[in-house]
Amino acid sequence: MKYILVSGGVVSGIGKGVIASSTGLLLKTTGLKVTSIKIDPYMNIDAGTMRPQEHGEVYVLNDGGEVDLDLGNYERYLDVTLSRDHNITTGKIYKEVIEKERRGDYLGKTVQIVPHVTTGIQDWIERVAKLPVDDTNEEPDICIIELGGTVGDIESAPFVEAMRQFQFRVGHGNFALIHVSLVPDMHGEQKTKPTQATVRDLRGLGLMPDLVTCRVLVRKPLSIETKRKISMFCHVAEEQVIGIHDVSSVYHVPLLLQEQGIISFLQRKLDLKSIYLSKELMDRGSRLMVRWKEMTDVIGKNHYLDVVSIVLVGKYTDMPDSYMSVVKALEHSAARCQRKLNLQWVAAEHLEPTHKIENPVQYYDGWKNVVAAQGILIPGGFGQRGTEGMLLAIKRAREYKVPFLGICLGFQMAVIEWARNVSGLDGATSTEFNAETPHPVIIYMPEVSKTHMGGTMRLGLRPTVFSSDSESWSKARRMYGGKEKIWERHRHRYEVNPEYIERLVAAGDLEFVGKDEKGERMQVLELRDHPYFVGFQAHPEFCTRPLNPSPAFLGFVSASASATVLEGQMKNQVLHFVPPHPPGAMVSEAELKDLGKNTLANGTEVIVGSPK
């Protein structure tokens with residue numbers, strides 16, 4: 001097993017995740033099997049209890065793991081299926097070490113950061129790195145480890161020390177370090193002092209970078225002079241200094257790395273050519289590179305393409321990373337449709353009549369974007385704030401035949417809007433917002449605890465069964481290749497009240513075309529007489545891929561472009577759609593729940609916790 005550690009210095013949030021994912025993608029194009037691990041030094045057990053504004057989107061995995069959004073990057077770029085154990089946090093490590101101490105596993109020794117915590121980190125990495133994550137169902141060849149935060153942070157110190165030890169544990173020939181640093185551009189002059197300082201700190205901690213990747217936050221590439229200066233003062237050769245400047249799309253980053261010889265360097269450093277590769281894997285890698293370049297060619301020429309204008313009406317629009325996967329799903333779909341995506345953000349509360357008095361500028365700007373949009377999207381969220389604005393946007397989409405996609409909360413709000421304005425159920429709402437509502441069309445559906453917040457929702461991959469009559473008319477079903485059963489990831493507590501289904505359906509064109517295997521939980525809704533009005537209780541954005549867009553989003557973007565584009569994409573999906581899930585994951589809900597109690601990676605059961 002080969003390991004590549006990606007660390008960062010100077011500031012956080014400069015693109016370690018994209019660089020790690022891009023490096024992994026390039027390695028896959030050579031035919032290698034690649035996996036990824038993300039280390040987050042915070043004390044939380046997982047990301048499930050964090051506000052979106054705190055740490056961005058909470059990304060959900062097949063096994064129900066609530067993890068850092070960077071794991072979404074890994075899954076999308078590498079087309080792999082990761083498990084909750086692929087996200088390491090300080091909370092998880094300390095919890096495991098303390099539980100071992102309580103059991104007496106340390107045989108009365110004083111438990112310390114070194115060696116017990118650092119060894120626990122290394123054991124965890126070595127165990128998880130071997131889990132199969134792709135459709136080969138084989139142990140990966142390379143594991144890319146991203147260390148979150150910045151070198152020098154107090155909270156990341158145990159992980160840095162663990163990695164210092166790890167390079168000796170696995171051998172220098174099996175370990176490479178990519179250090180990502182910021183090179184500020186001040187009035188056209190690129191400054192190297194921050195990079196010199198962070199590399200000096202890294203070396204002082206016992207780690208020597210094999211590649212120094214310099215982020216330049218402008219469109220000007222890293223200059224030759226800057227590269228030479230960093231080479232001189234950071235004790236690396238010029239070929240080991242990689243420049244990543246701003247590009248039109250993050251999907252161009254792998255090509256930028258490729259141009260600078262990163263793969264040939266890693267092949268020499270890690271002796272990657274000694275790994276046996278079958279002709280099938282090499283051919284698959286070559287095809288991957290061709291398809292990736294074709295996609296980036298479309299994106300690179302988007303100023304020549306027709307525009308598709310989408311408005312996102314949400315609760316957390318002040319923090320775009322809250323909807324990271326939603327945006328990626330829209331981008332992937334727009335590229336497939338050969339359209340330039342124009343995404344407008346509107347805070348849902350800005351559409352409410354009370355806001356017209358409080359801030360008329362925001363009110364009219366918000367409605368201007370909604371009215372001008374070719375498609376209206378309402379993503380997930382929690383709580384009542386902004387929901388009345390969502391209802392107004394949904395009403396417009398329904399009445400004016402504007403393509404609409406509702407995700408999770410957006411799905412529930414579409415049901416509430418229909419109940420109030422079509423079924424005549426005055427005051428209908430969710431018991432999440434009003435426990436005393438006269439018409440609780442959305443209720444808490446017990447599957448887990450009502451009191452504990454973390455990891456207690458309906459989480460992870462779940463099957464949806466389309467109704468038999470939907471085959472003849474459902475656009476959503478055709479986007480999924482016409483298949484009777486599909487799988488998407490869920491993250492929610494509240495669902496449609498089964499007692500109201502008959503009254504809702506009897507009022508008109510609304511159909512719940514997708515349900516769970518027992519027929520008790522409504523999971524997909526669709527309007528018959530509408531260009532595209534679809535809602536998903538699940539989060540289909542979590543399973544989108546650049547070269548295999550989420551069918552739900554692809555249908556939405558296609559319909560927003562034109563009816564002709566939608567028809568073309570539906571025909572293509574029926575012929576060519578391949579689910580992004582490994583076969584071992586596409587099983588019954590009961591089997592998925594059983595696997596979710598342990599660790600589900602590529603449908604393979606692996607017991608959580610280090611081997612005794």
# chains A, B, ... in the order shown; residues from 1 in each chain; ligands from 1
>>> select_by_dssp(residues="stretch 388-490 of chain A", states="strand (DSSP E or B)", output="tab-separated table (two decimals) with C-alpha atoms, in the first residue's frame")
chain	number	residue	atom	x	y	z
A	404	PHE	CA	-39.13	22.61	-10.02
A	405	LEU	CA	-36.99	20.32	-7.89
A	406	GLY	CA	-37.54	19.96	-4.14
A	407	ILE	CA	-34.98	18.14	-2.01
A	429	THR	CA	-47.94	22.29	7.89
A	430	SER	CA	-45.27	20.13	9.51
A	440	PRO	CA	-50.18	17.63	10.18
A	441	VAL	CA	-49.35	16.58	6.62
A	442	ILE	CA	-45.67	16.21	7.60
A	443	ILE	CA	-44.94	14.29	10.80
A	444	TYR	CA	-42.06	12.74	12.68
A	458	ARG	CA	-33.11	8.31	8.84
A	459	LEU	CA	-29.62	8.19	7.43
A	460	GLY	CA	-27.77	6.60	4.56
A	461	LEU	CA	-28.62	4.70	1.39
A	462	ARG	CA	-32.23	3.54	1.13
A	463	PRO	CA	-34.20	1.95	-1.73
A	464	THR	CA	-37.17	3.61	-3.43
A	465	VAL	CA	-39.72	1.59	-5.38
A	466	PHE	CA	-41.55	3.31	-8.25
A	485	LYS	CA	-36.14	0.39	-7.88
A	486	ILE	CA	-33.52	3.05	-7.19
A	487	TRP	CA	-31.23	3.90	-4.27
A	488	GLU	CA	-30.51	7.36	-2.84
A	489	ARG	CA	-29.08	8.68	0.42
A	490	HIS	CA	-31.37	10.10	3.13
>>> closest_atom_pairs(of="stretch 75-137 of chain A", to="stretch 162-168 of chain A", cutoff="10 Å", atoms="only C-alpha atoms", output="tab-separated table")
residue	atom	partner	partner_atom	distance
A:Ile113	CA	A:Ala162	CA	9.8
A:Val114	CA	A:Ala162	CA	8.6
A:Pro115	CA	A:Ala162	CA	8.8
A:Val117	CA	A:Ala162	CA	8.2
A:Thr118	CA	A:Ala162	CA	4.6
A:Thr119	CA	A:Ala162	CA	6.9
A:Gly120	CA	A:Ala162	CA	8.7
A:Ile121	CA	A:Ala162	CA	6.6
A:Gln122	CA	A:Ala162	CA	6.4
A:Asp123	CA	A:Phe166	CA	9.6
A:Ile125	CA	A:Phe166	CA	9.6
A:Glu126	CA	A:Phe166	CA	9.6
>>> residues_around(residues="stretch 325-338 of chain A", least_positions_apart="2", cutoff="6 Å", atoms="only C-alpha atoms", output="list in words")
Tyr323, Leu341, Glu541, Thr544, Pro546, Pro549 and Leu554 of chain A
>>> residues_around(residues="stretch 171-185 of chain A", least_positions_apart="3", cutoff="9 Å", atoms="only C-alpha atoms", output="PDB file with C-alpha atoms, in the first residue's frame")
ATOM      1  CA  MET A   1       0.000   0.000   0.000  1.00  0.00           C
ATOM      2  CA  LYS A   2       1.234   3.467  -0.924  1.00  0.00           C
ATOM      3  CA  TYR A   3       0.249   6.575   1.040  1.00  0.00           C
ATOM      4  CA  ILE A   4       0.101  10.229  -0.017  1.00  0.00           C
ATOM      5  CA  LEU A   5      -0.442  12.782   2.749  1.00  0.00           C
ATOM      6  CA  VAL A   6      -1.823  16.191   1.773  1.00  0.00           C
ATOM      7  CA  SER A   7      -1.241  18.869   4.413  1.00  0.00           C
ATOM      8  CA  GLY A   8      -1.752  22.614   4.393  1.00  0.00           C
ATOM      9  CA  GLY A   9      -0.121  25.732   5.732  1.00  0.00           C
ATOM     10  CA  VAL A  10      -0.652  29.494   6.165  1.00  0.00           C
ATOM     11  CA  VAL A  11      -4.472  29.418   6.000  1.00  0.00           C
ATOM     12  CA  ILE A  14      -7.270  27.044   0.090  1.00  0.00           C
ATOM     13  CA  GLY A  15      -8.131  23.863  -1.790  1.00  0.00           C
ATOM     14  CA  LYS A  16      -6.421  20.883  -0.150  1.00  0.00           C
ATOM     15  CA  ILE A  19      -5.870  19.062  -4.904  1.00  0.00           C
ATOM     16  CA  ALA A  20      -6.066  15.717  -3.064  1.00  0.00           C
ATOM     17  CA  PHE A 166       3.817   6.717  10.056  1.00  0.00           C
ATOM     18  CA  GLN A 167       6.409   7.489   7.382  1.00  0.00           C
ATOM     19  CA  PHE A 168       8.829   5.169   9.179  1.00  0.00           C
ATOM     20  CA  GLY A 188       1.257  41.671  -9.220  1.00  0.00           C
ATOM     21  CA  GLU A 189       4.155  40.465  -7.055  1.00  0.00           C
ATOM     22  CA  GLN A 190       4.048  36.884  -5.765  1.00  0.00           C
ATOM     23  CA  LYS A 191       5.233  36.613  -2.154  1.00  0.00           C
ATOM     24  CA  THR A 192       7.035  33.466  -0.968  1.00  0.00           C
ATOM     25  CA  LYS A 193       7.641  34.225   2.731  1.00  0.00           C
ATOM     26  CA  PRO A 194       4.426  32.527   3.988  1.00  0.00           C
ATOM     27  CA  THR A 195       5.365  29.339   2.104  1.00  0.00           C
ATOM     28  CA  THR A 198       5.082  26.960   6.759  1.00  0.00           C
ATOM     29  CA  VAL A 199       7.611  24.562   5.194  1.00  0.00           C
ATOM     30  CA  LEU A 202       6.630  21.391   8.835  1.00  0.00           C
ATOM     31  CA  LEU A 207       8.020  16.003   7.987  1.00  0.00           C
ATOM     32  CA  MET A 208       9.750  16.897   4.712  1.00  0.00           C
ATOM     33  CA  PRO A 209       7.468  17.816   1.791  1.00  0.00           C
ATOM     34  CA  ASP A 210       8.018  15.904  -1.430  1.00  0.00           C
ATOM     35  CA  LEU A 211       5.885  18.407  -3.349  1.00  0.00           C
ATOM     36  CA  VAL A 212       5.103  22.008  -2.437  1.00  0.00           C
ATOM     37  CA  THR A 213       1.825  22.972  -4.086  1.00  0.00           C
ATOM     38  CA  CYS A 214       1.384  26.719  -4.216  1.00  0.00           C
ATOM     39  CA  ARG A 215      -2.103  28.228  -4.378  1.00  0.00           C
ATOM     40  CA  VAL A 216      -2.155  31.544  -6.188  1.00  0.00           C
ATOM     41  CA  LEU A 217      -5.535  33.186  -5.617  1.00  0.00           C
ATOM     42  CA  VAL A 218      -5.556  35.023  -8.944  1.00  0.00           C
ATOM     43  CA  LYS A 220      -1.892  34.536 -12.977  1.00  0.00           C
ATOM     44  CA  LEU A 222       3.076  30.767 -10.503  1.00  0.00           C
ATOM     45  CA  LEU A 266       4.916  10.304  -7.827  1.00  0.00           C
ATOM     46  CA  LYS A 269       8.957   8.583  -5.628  1.00  0.00           C
ATOM     47  CA  LEU A 270       6.597   5.712  -4.819  1.00  0.00           C
ATOM     48  CA  ASP A 271       7.783   3.247  -7.494  1.00  0.00           C
TER      49      ASP A 271
END
>>> atom_distance(atom1="atom CA of A:Asn548", atom2="atom CA of A:Ala590")
27.3 Å
>>> closest_residue(among="A:Met282, A:Ile262, A:Val587, A:Leu25", to="A:Asp79", atoms="only C-alpha atoms")
A:Leu25
>>> select_by_dssp(residues="stretch 224-324 of chain A", states="helix (DSSP H, G or I)", output="PyMOL selection string")
chain A and resi 224-234+238-240+250-259+262-270+272-274+279-300+302-304+320-324
>>> closest_residue(among="A:Leu147, A:Thr136, A:Met50, A:Gln344", to="A:Ile37", atoms="only C-alpha atoms")
A:Leu147
>>> atom_distance(atom1="atom CA of A:Trp124", atom2="atom CA of A:Cys543")
25.7 Å
>>> atom_distance(atom1="atom CA of A:Gln196", atom2="atom CA of A:Ile230")
6.9 Å
>>> residues_around(residues="A:Gly482", least_positions_apart="3", cutoff="12 Å", atoms="only C-alpha atoms", output="list in words")
Val465, Phe466, Ser467, Ser468, Asp469, Ser470, Glu471, Ser472, Trp473, Ser474, Lys475, Ala476, Arg477, Arg478, Met479, Lys485, Ile486, Pro551, Met570, Lys571, Asn572, Gln573, Val574, Leu575, His576, Phe577, Val578 and Pro579 of chain A
>>> closest_residue(among="A:Met232, A:Ala552, A:Val34, A:Leu107", to="A:Pro403", atoms="only C-alpha atoms")
A:Ala552
>>> decode(residues="stretch 553-566 of chain A", atoms="all heavy atoms", output="short mmCIF file (atom, residue, chain, number, x, y, z; two decimals), in the first residue's frame")
data_model
loop_
_atom_site.label_atom_id
_atom_site.label_comp_id
_atom_site.auth_asym_id
_atom_site.auth_seq_id
_atom_site.Cartn_x
_atom_site.Cartn_y
_atom_site.Cartn_z
N PHE A 553 -31.30 15.74 -10.73
CA PHE A 553 -30.82 17.07 -11.10
C PHE A 553 -30.68 17.21 -12.61
O PHE A 553 -30.94 18.28 -13.18
CB PHE A 553 -29.48 17.35 -10.42
CG PHE A 553 -29.62 17.75 -8.98
CD1 PHE A 553 -29.75 16.80 -7.99
CD2 PHE A 553 -29.63 19.09 -8.61
CE1 PHE A 553 -29.89 17.16 -6.66
CE2 PHE A 553 -29.76 19.47 -7.29
CZ PHE A 553 -29.91 18.50 -6.30
N LEU A 554 -30.26 16.13 -13.26
CA LEU A 554 -30.13 16.18 -14.72
C LEU A 554 -31.49 16.43 -15.38
O LEU A 554 -31.60 17.22 -16.32
CB LEU A 554 -29.53 14.87 -15.23
CG LEU A 554 -29.31 14.76 -16.74
CD1 LEU A 554 -28.40 15.87 -17.25
CD2 LEU A 554 -28.71 13.39 -17.09
N GLY A 555 -32.53 15.78 -14.86
CA GLY A 555 -33.87 16.02 -15.38
C GLY A 555 -34.31 17.45 -15.15
O GLY A 555 -34.90 18.08 -16.03
N PHE A 556 -34.02 17.97 -13.96
CA PHE A 556 -34.39 19.34 -13.62
C PHE A 556 -33.70 20.36 -14.52
O PHE A 556 -34.34 21.26 -15.08
CB PHE A 556 -34.05 19.60 -12.15
CG PHE A 556 -34.16 21.03 -11.71
CD1 PHE A 556 -35.37 21.70 -11.76
CD2 PHE A 556 -33.04 21.72 -11.25
CE1 PHE A 556 -35.47 23.03 -11.35
CE2 PHE A 556 -33.12 23.03 -10.85
CZ PHE A 556 -34.33 23.69 -10.90
N VAL A 557 -32.39 20.24 -14.67
CA VAL A 557 -31.64 21.18 -15.51
C VAL A 557 -32.06 21.04 -16.97
O VAL A 557 -32.20 22.04 -17.69
CB VAL A 557 -30.12 20.97 -15.34
CG1 VAL A 557 -29.33 21.82 -16.32
CG2 VAL A 557 -29.70 21.30 -13.90
N SER A 558 -32.28 19.81 -17.43
CA SER A 558 -32.70 19.59 -18.80
C SER A 558 -34.05 20.25 -19.07
O SER A 558 -34.23 20.93 -20.09
CB SER A 558 -32.82 18.08 -19.08
OG SER A 558 -31.60 17.43 -18.89
N ALA A 559 -34.99 20.06 -18.16
CA ALA A 559 -36.31 20.66 -18.32
C ALA A 559 -36.22 22.18 -18.28
O ALA A 559 -36.97 22.88 -18.99
CB ALA A 559 -37.25 20.16 -17.23
N SER A 560 -35.31 22.70 -17.45
CA SER A 560 -35.14 24.15 -17.37
C SER A 560 -34.56 24.70 -18.67
O SER A 560 -34.84 25.85 -19.05
CB SER A 560 -34.21 24.51 -16.20
OG SER A 560 -34.75 24.05 -14.97
N ALA A 561 -33.74 23.89 -19.36
CA ALA A 561 -33.17 24.31 -20.64
C ALA A 561 -34.25 24.33 -21.71
O ALA A 561 -34.45 25.33 -22.40
CB ALA A 561 -32.03 23.39 -21.03
N SER A 562 -34.97 23.22 -21.86
CA SER A 562 -36.09 23.15 -22.81
C SER A 562 -36.69 21.76 -22.76
O SER A 562 -36.05 20.80 -22.32
CB SER A 562 -35.63 23.46 -24.24
OG SER A 562 -34.90 22.38 -24.78
N ALA A 563 -37.92 21.64 -23.26
CA ALA A 563 -38.58 20.34 -23.31
C ALA A 563 -37.84 19.39 -24.24
O ALA A 563 -37.78 18.18 -23.99
CB ALA A 563 -40.02 20.51 -23.78
N THR A 564 -37.23 19.93 -25.29
CA THR A 564 -36.48 19.11 -26.24
C THR A 564 -35.25 18.50 -25.59
O THR A 564 -34.94 17.32 -25.78
CB THR A 564 -36.07 19.95 -27.47
OG1 THR A 564 -37.23 20.53 -28.05
CG2 THR A 564 -35.34 19.09 -28.49
N VAL A 565 -34.53 19.33 -24.82
CA VAL A 565 -33.34 18.83 -24.12
C VAL A 565 -33.74 17.74 -23.12
O VAL A 565 -33.07 16.71 -23.01
CB VAL A 565 -32.61 19.98 -23.41
CG1 VAL A 565 -31.46 19.44 -22.56
CG2 VAL A 565 -32.08 20.99 -24.41
N LEU A 566 -34.84 17.96 -22.39
CA LEU A 566 -35.30 16.97 -21.42
C LEU A 566 -35.62 15.65 -22.12
O LEU A 566 -35.21 14.58 -21.65
CB LEU A 566 -36.53 17.49 -20.68
CG LEU A 566 -37.21 16.48 -19.73
CD1 LEU A 566 -36.25 16.05 -18.64
CD2 LEU A 566 -38.47 17.07 -19.13
#
